[in-house]
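Only one structure is covered here, and it is reproduced in the block below.
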Amino acid sequence: MARLLVQLKMRLLLNALRSSRGAKVSFIVSSVFGVLVAAGAFVLLALLRGQSTSVDLTTVIFMVFAFGWLICPLIAFGLDGTLDPATVALYPVRTGPLAAGLLAASATGVWPLANVIGLLGVTAGLARGPLGLLVALVAVVLQVLFCITLARVVTTGMAGLLRSRRGKDLAVFLIIPIFAGYEFVIQVVPRLAASGKLTAASFNGVDAWMRWLPPGMAAHAIKDASDGHPGTAALRLALLAGVIVAVGWLWVRLLGRALVTPDTSTRSSAVRGTALPFARYGLRGAVAARFWIYQRREPSSLVTWGITAVIMVVVSISALMKQGQNPGVLIANAVFGAAFVGYFHANAVGWTGPPFVFEAMALTSHRSLRAYLTGQNIAVGVIAVPVLGVLSFGLALLARRPDYGFLSFAVALAGLGAALALSNILSITAPYPLVQRPGNPMRRPADGYTGYAALGVFANLIGVGVAAAPLIAAAVLTTGVASPVRVPVLIVAGAVYGLLLSWAGVWIAANAAEGKLPELCQVAARSL
Amino acid sequence: MGEPAISVLGLRKSFGDKEAVRGIDLEIAGGSLAGLVGPNGAGKTTSLSMMTGLLRPDLGRVLINGLDVWGDPVAAKAVIGVVPAEVRLFERLSGAEVLEYAGRLRGLPAAEARSRAAELLNVLDLAEDARRLVADYSTGMRKKAALGCALIHNPSVLFLDEPLEGVDPISADVIRRLLTRYVGSGSTVLFSSHVMELVEQVCDQVSIIDKGRIVATGTTDQVRGGKTLQQAFIDLVGPRHSGEELSWLGFSSS
């Protein structure tokens, strides 16, 4: 059974190389990334040799790997067919051999290998002497085994949920903290390190509690063996092995239950209220209602708002740390935030997907197209204005320049109008189908359409920047005017200018859409 | 037989080298319930998409109640209702919301759209699930919701692609009676299906499509020519495989 499942895993990996160009590229990118992580972790762990905080940092790195194993399978649930017990539930296989096979399948692939190679960096770092080396080898094997069994327990225990609509929604929401963490590591950590606020000493004592967790036990066993305490090292490894056996036992129990538990799919709950809002406003109101509901109920919509907020916050904090308290960063950030709102809505047809065909049946005139686009803009604007407002004022307070909150909000309003106009025009003139690849909860451009998505980003960044320039110039040129006069005038000017821009965008997009609906329907129908 | 509600003249469509529809001529009389049957990949869905203004034909004309679908799409779309083969509704709206939205897209006042939605949900046996998200609906429930969306503006011509696929027998019977009543009032239905018994039972007109061409059309009795429709269909389209290649099938393994 183990051989069969390992062969299945290998076949799945090789098939990724033979399938579509996109799948091939993502497999190659993932493999290259795996090699980089392996090399990076090895070097990082090796460089800790002789440092006073080496055991603390090794513990942290072991913890990070374990956390990765805990989170990634939740997002990549559909990617690895061997993760879902339902795929083998139909076959006459006993739980014991099946568990061994699934464990072996989990250990097969680029990432498990990258883990082993990366963690073996301890042999050159934390470990000293032959005994330290020997214990390091055992500790790495046990650490990887712990990670695999932990990942298996979580995915098997949550298999029913992850297969359901709610589970998939949950997986989408995991994108926000992962993205925020990634942005924090990329943007903020280097600046903290450069400013001397983050050093190796910052990790002193972090293992006071981590040492009792399985990854900490593995790291400390190496340290104990290297310091000439083989008994303590053996005890720690035995404890770690015991934890793995306990987690493995729990996994086998869960697997046995999952194989005979029917797929509960989704326990749905009712939504509040049965009527669509904005009833008095005709087609425009109906479309605004639909978009408004989607912004709240569609997880990927909420994720795009979350990502917009994360980008604005992290970029601002990072820029403020670099450039002192230069408030010009806040103005630039207002443009940036508005441009991202535009980008995330610049492919409304692709995001709507096949149900757009349903809407297209009613879009029979220039007037109805205008109402449709305006309805979308109202729904996006109702959310974007407060989001951009809160971020503008919040970041201005953080920079200790609350007055700049008003100025950046005025720029954000103008930028939002430009972003809505551009998103309307791009939705009609450069729509592209979005597809959801197994394992990735967010939809991506279909093969051959990545350039369209890039166009959306650049068109919005440049277009919003250019369109907001007059308001930025007005803000700069009126610095001598008293704030009680200047601020309200700029905010009203930003709002009116933004409305005019979005109105123009609606007209241009409606003109472009006339006679093009069948082609738009074809793009929408190709979205999954 | 009344005036044609649907007239299709020389409809053609190619996708790259593949000619999906190779010149279809079809006339469906007003007030009839017509079936379009054919094997998988025969061109049924492509033809229906072109007839409903959702896929631009390479050549040909489609007239609905005399209105040119591609010449005057505004007027033509206003009088038709469509249930596509692969029903993709707004997953994050509830059943009630999606029907109301369909009504409002079609220009019905909000109160009217809401009350018609409630009535349709009731008739289609979806009233209890009206507040559930469409994402949590089964295939059959989605089909019924899509049918409700297609009917809410009371169109004079209804296009249905595999309307009863995945629908339970009781609901299927309700839909059959609903369509019969709808046609009895002078409206027209064209639907595609693989289920010959169903087409034979409910349709007064049948067209058989194969490899992008209409190979037989007429009243149901004319097309089946004294045989069952299933047999007439197989005779016209021809069996693909006998199944005799699988010599091992049926012998129990030990």
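For the structure tokens, the naming scheme is as follows: chains receive sequential letters (A, B, ...) according to their order of presentation, residues are indexed from 1 within each chain, and ligands are indexed from 1 in presentation order.
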
**Study point:** Residues near B:Thr217, cut-off 8 Å, only C-alpha atoms, skip fewer than 5 positions along chain, as a ChimeraX atom specification
**Key:** /B:26,205-208,223

Let me see the file: selected residues, N, CA and C atoms, as a short mmCIF file (atom, residue, chain, number, x, y, z; two decimals), in the first residue's frame.
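This went into again-v1.cif:
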data_model
loop_
_atom_site.label_atom_id
_atom_site.label_comp_id
_atom_site.auth_asym_id
_atom_site.auth_seq_id
_atom_site.Cartn_x
_atom_site.Cartn_y
_atom_site.Cartn_z
N LEU B 26 -34.26 25.83 -38.87
CA LEU B 26 -35.24 25.28 -37.93
C LEU B 26 -36.40 26.25 -37.81
N GLN B 205 -43.17 18.82 -31.07
CA GLN B 205 -42.25 18.96 -32.20
C GLN B 205 -40.88 18.47 -31.76
N VAL B 206 -40.16 17.80 -32.64
CA VAL B 206 -38.83 17.31 -32.28
C VAL B 206 -37.86 17.57 -33.42
N SER B 207 -36.64 17.95 -33.07
CA SER B 207 -35.57 18.05 -34.07
C SER B 207 -34.38 17.25 -33.55
N ILE B 208 -33.78 16.50 -34.43
CA ILE B 208 -32.60 15.72 -34.03
C ILE B 208 -31.38 16.35 -34.67
N VAL B 223 -41.28 12.35 -36.76
CA VAL B 223 -39.85 12.02 -36.56
C VAL B 223 -39.67 10.58 -36.13
#

Review point. Near stretch 188-195 of chain B, counting only C-alpha atoms, which residues have an atom at most 7 Å away, once you skip same-chain residues fewer than 4 positions from it, shown as an MDAnalysis selection string?
Key: chainID B and resid 5 30:38 44 156:162 183 199

Given the selection you just returned, output its residues as a file containing C-alpha atoms, formatted as a PDB file, in the first residue's frame.
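What landed in part_4.pdb:
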ATOM      1  CA  ALA B   5     -42.002  31.719 -32.799  1.00  0.00           C
ATOM      2  CA  GLY B  30     -45.707  29.493 -31.633  1.00  0.00           C
ATOM      3  CA  GLY B  31     -47.408  27.710 -28.734  1.00  0.00           C
ATOM      4  CA  SER B  32     -45.439  24.519 -29.189  1.00  0.00           C
ATOM      5  CA  LEU B  33     -43.209  22.592 -26.873  1.00  0.00           C
ATOM      6  CA  ALA B  34     -40.296  21.565 -29.053  1.00  0.00           C
ATOM      7  CA  GLY B  35     -37.428  19.257 -28.272  1.00  0.00           C
ATOM      8  CA  LEU B  36     -33.888  19.415 -29.627  1.00  0.00           C
ATOM      9  CA  VAL B  37     -32.154  16.086 -29.149  1.00  0.00           C
ATOM     10  CA  GLY B  38     -28.740  14.833 -30.091  1.00  0.00           C
ATOM     11  CA  LYS B  44     -27.109  21.528 -29.117  1.00  0.00           C
ATOM     12  CA  SER B 156     -43.082  34.419 -24.625  1.00  0.00           C
ATOM     13  CA  VAL B 157     -40.300  32.033 -25.677  1.00  0.00           C
ATOM     14  CA  LEU B 158     -38.332  29.854 -23.292  1.00  0.00           C
ATOM     15  CA  PHE B 159     -35.047  28.098 -24.109  1.00  0.00           C
ATOM     16  CA  LEU B 160     -34.077  25.270 -21.798  1.00  0.00           C
ATOM     17  CA  ASP B 161     -30.859  23.277 -22.060  1.00  0.00           C
ATOM     18  CA  GLU B 162     -31.215  19.946 -20.245  1.00  0.00           C
ATOM     19  CA  VAL B 183     -47.299  26.415 -23.612  1.00  0.00           C
ATOM     20  CA  VAL B 199     -39.153  14.423 -25.150  1.00  0.00           C
TER      21      VAL B 199
END

Check your understanding: What are the DSSP strand (DSSP E or B) residues of stretch 3-95 of chain B, as a ChimeraX atom specification?
Key -> /B:4-15,18-29,33-37,59-64,67-68,80-83,94

Generate the output file for the selected residues, N, CA and C atoms, as a short mmCIF file (atom, residue, chain, number, x, y, z; two decimals), in the first residue's frame.
data_model
loop_
_atom_site.label_atom_id
_atom_site.label_comp_id
_atom_site.auth_asym_id
_atom_site.auth_seq_id
_atom_site.Cartn_x
_atom_site.Cartn_y
_atom_site.Cartn_z
N PRO B 4 -44.39 30.95 -36.89
CA PRO B 4 -43.18 30.49 -36.19
C PRO B 4 -42.76 31.47 -35.09
N ALA B 5 -42.52 30.90 -33.90
CA ALA B 5 -42.00 31.72 -32.80
C ALA B 5 -40.49 31.79 -32.89
N ILE B 6 -39.90 30.70 -33.37
CA ILE B 6 -38.45 30.66 -33.53
C ILE B 6 -38.13 30.26 -34.96
N SER B 7 -37.39 31.10 -35.67
CA SER B 7 -36.93 30.75 -37.02
C SER B 7 -35.42 30.83 -37.05
N VAL B 8 -34.81 29.75 -37.44
CA VAL B 8 -33.35 29.71 -37.51
C VAL B 8 -32.98 29.45 -38.97
N LEU B 9 -32.14 30.31 -39.52
CA LEU B 9 -31.81 30.21 -40.95
C LEU B 9 -30.29 30.13 -41.15
N GLY B 10 -29.83 29.01 -41.62
CA GLY B 10 -28.43 28.83 -42.01
C GLY B 10 -27.41 29.16 -40.94
N LEU B 11 -27.68 28.73 -39.70
CA LEU B 11 -26.81 29.07 -38.57
C LEU B 11 -25.53 28.23 -38.61
N ARG B 12 -24.39 28.92 -38.52
CA ARG B 12 -23.08 28.23 -38.55
C ARG B 12 -22.17 28.79 -37.47
N LYS B 13 -21.33 27.91 -36.93
CA LYS B 13 -20.34 28.35 -35.96
C LYS B 13 -19.15 27.39 -35.94
N SER B 14 -17.96 27.97 -36.03
CA SER B 14 -16.74 27.16 -35.94
C SER B 14 -15.91 27.66 -34.77
N PHE B 15 -15.20 26.73 -34.14
CA PHE B 15 -14.21 27.07 -33.12
C PHE B 15 -12.86 26.59 -33.64
N LYS B 18 -12.60 23.31 -35.79
CA LYS B 18 -13.79 22.47 -35.56
C LYS B 18 -15.07 23.22 -35.90
N GLU B 19 -15.83 22.62 -36.81
CA GLU B 19 -17.11 23.21 -37.20
C GLU B 19 -18.19 22.64 -36.28
N ALA B 20 -18.59 23.42 -35.29
CA ALA B 20 -19.53 22.91 -34.28
C ALA B 20 -20.95 22.88 -34.80
N VAL B 21 -21.35 23.90 -35.55
CA VAL B 21 -22.70 23.96 -36.13
C VAL B 21 -22.55 24.24 -37.62
N ARG B 22 -23.11 23.35 -38.44
CA ARG B 22 -22.80 23.41 -39.88
C ARG B 22 -23.99 23.83 -40.74
N GLY B 23 -24.69 24.84 -40.31
CA GLY B 23 -25.81 25.31 -41.14
C GLY B 23 -27.13 24.71 -40.69
N ILE B 24 -27.70 25.32 -39.66
CA ILE B 24 -28.96 24.79 -39.12
C ILE B 24 -30.12 25.63 -39.61
N ASP B 25 -31.17 24.97 -40.08
CA ASP B 25 -32.43 25.64 -40.42
C ASP B 25 -33.50 24.98 -39.56
N LEU B 26 -34.26 25.83 -38.87
CA LEU B 26 -35.24 25.28 -37.93
C LEU B 26 -36.40 26.25 -37.81
N GLU B 27 -37.60 25.70 -37.70
CA GLU B 27 -38.76 26.56 -37.50
C GLU B 27 -39.63 25.95 -36.40
N ILE B 28 -39.84 26.70 -35.34
CA ILE B 28 -40.67 26.21 -34.23
C ILE B 28 -41.92 27.08 -34.17
N ALA B 29 -43.08 26.41 -34.26
CA ALA B 29 -44.34 27.15 -34.27
C ALA B 29 -44.64 27.73 -32.90
N LEU B 33 -44.26 23.01 -27.79
CA LEU B 33 -43.21 22.59 -26.87
C LEU B 33 -42.29 21.71 -27.71
N ALA B 34 -41.15 22.26 -28.09
CA ALA B 34 -40.30 21.56 -29.05
C ALA B 34 -39.05 21.02 -28.37
N GLY B 35 -38.63 19.87 -28.84
CA GLY B 35 -37.43 19.26 -28.27
C GLY B 35 -36.29 19.27 -29.28
N LEU B 36 -35.09 19.49 -28.78
CA LEU B 36 -33.89 19.42 -29.63
C LEU B 36 -33.03 18.32 -29.01
N VAL B 37 -32.90 17.20 -29.73
CA VAL B 37 -32.15 16.09 -29.15
C VAL B 37 -30.95 15.75 -30.01
N LEU B 59 -22.35 32.71 -39.28
CA LEU B 59 -23.31 32.98 -40.37
C LEU B 59 -24.71 32.63 -39.88
N GLY B 60 -25.71 33.21 -40.53
CA GLY B 60 -27.08 32.80 -40.24
C GLY B 60 -27.88 33.84 -39.47
N ARG B 61 -29.18 33.59 -39.42
CA ARG B 61 -30.10 34.51 -38.72
C ARG B 61 -30.97 33.73 -37.74
N VAL B 62 -31.36 34.41 -36.69
CA VAL B 62 -32.29 33.82 -35.73
C VAL B 62 -33.40 34.85 -35.48
N LEU B 63 -34.63 34.44 -35.69
CA LEU B 63 -35.76 35.34 -35.44
C LEU B 63 -36.61 34.78 -34.30
N ILE B 64 -36.88 35.62 -33.32
CA ILE B 64 -37.77 35.23 -32.22
C ILE B 64 -39.01 36.11 -32.34
N LEU B 67 -38.47 38.96 -34.39
CA LEU B 67 -37.41 39.91 -34.01
C LEU B 67 -36.05 39.26 -34.24
N ASP B 68 -35.18 39.96 -34.93
CA ASP B 68 -33.86 39.42 -35.25
C ASP B 68 -32.97 39.48 -34.00
N ILE B 80 -37.45 36.63 -24.30
CA ILE B 80 -37.03 35.24 -24.08
C ILE B 80 -36.58 35.00 -22.64
N GLY B 81 -36.63 33.74 -22.26
CA GLY B 81 -36.07 33.30 -20.98
C GLY B 81 -35.15 32.13 -21.30
N VAL B 82 -34.07 32.00 -20.54
CA VAL B 82 -33.07 30.97 -20.85
C VAL B 82 -32.64 30.23 -19.59
N VAL B 83 -32.57 28.90 -19.69
CA VAL B 83 -31.92 28.10 -18.65
C VAL B 83 -30.77 27.36 -19.33
N SER B 94 -29.11 34.20 -1.84
CA SER B 94 -30.03 33.14 -1.45
C SER B 94 -30.98 32.88 -2.62
#

Practice item. Please run DSSP on the backbone and report, as a ChimeraX atom specification, all residues within stretch 14-251 of chain B that come out as alpha helix (DSSP H). Key: /B:44-51,73-78,95-105,110-123,139-151,169-184,196-202,220-224,229-237

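In plain terms, chain B touches chain A through Leu54, Leu55, Val74, Arg88, Leu89, Phe90, Ala96, Leu105, Arg106, Ala110, Arg131 and Arg132 of chain B, where touching means an atom at most 6 Å away, counting only C-alpha atoms.
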
Practice item. Find the residues around B:Ser171 up to 9 Å (only C-alpha atoms counted), leave out those fewer than 3 positions away in its own chain, and share them as a list in words. Key: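 My list of contacting residues is Leu124, Asp125, Gly140, Lys144, Leu164, Val167, Asp168, Val174, Ile175 and Arg176 of chain B.
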
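Close contacts of A:Ile383, defined as residues with an atom at most 9 Å away when counting only C-alpha atoms, with chain neighbours fewer than 4 positions off set aside, comprise Trp292, Gln295, Trp305, Ile378, Ala379, Val387 and Leu388 of chain A.
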
Excluding A:Ala510 and residues on its chain fewer than 6 positions from it, collect all residues at most 7 Å away from it, counting only C-alpha atoms, and give them as a PDB file with C-alpha atoms, in the first residue's frame.
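Full text of out_14.pdb as output:
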ATOM      1  CA  HIS A 366     -26.699  51.911 -23.345  1.00  0.00           C
ATOM      2  CA  LEU A 369     -25.217  49.214 -19.293  1.00  0.00           C
ATOM      3  CA  ARG A 370     -24.677  52.561 -17.579  1.00  0.00           C
TER       4      ARG A 370
END

Review point. Within 10 Å of stretch 225-229 of chain B, counting only C-alpha atoms, which residues qualify if same-chain residues fewer than 2 places away don't, as a ChimeraX atom specification?
Key: /B:195-201,206,219-223,231-235

**Study point:** Residue neighbourhood stretch 441-445 of chain A, 8 Å, only C-alpha atoms, exclusion window fewer than 5 positions, as a ChimeraX atom specification
**Key:** /A:75,168,171-172,300,432-436,450,453

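The space between atom CA of B:Leu147 and atom CA of B:Leu121 spans 10.1 Å.
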
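For the atom pair formed by atom CA of A:Ala194 and atom CA of A:Val329, the distance is 19.8 Å, given to one decimal.
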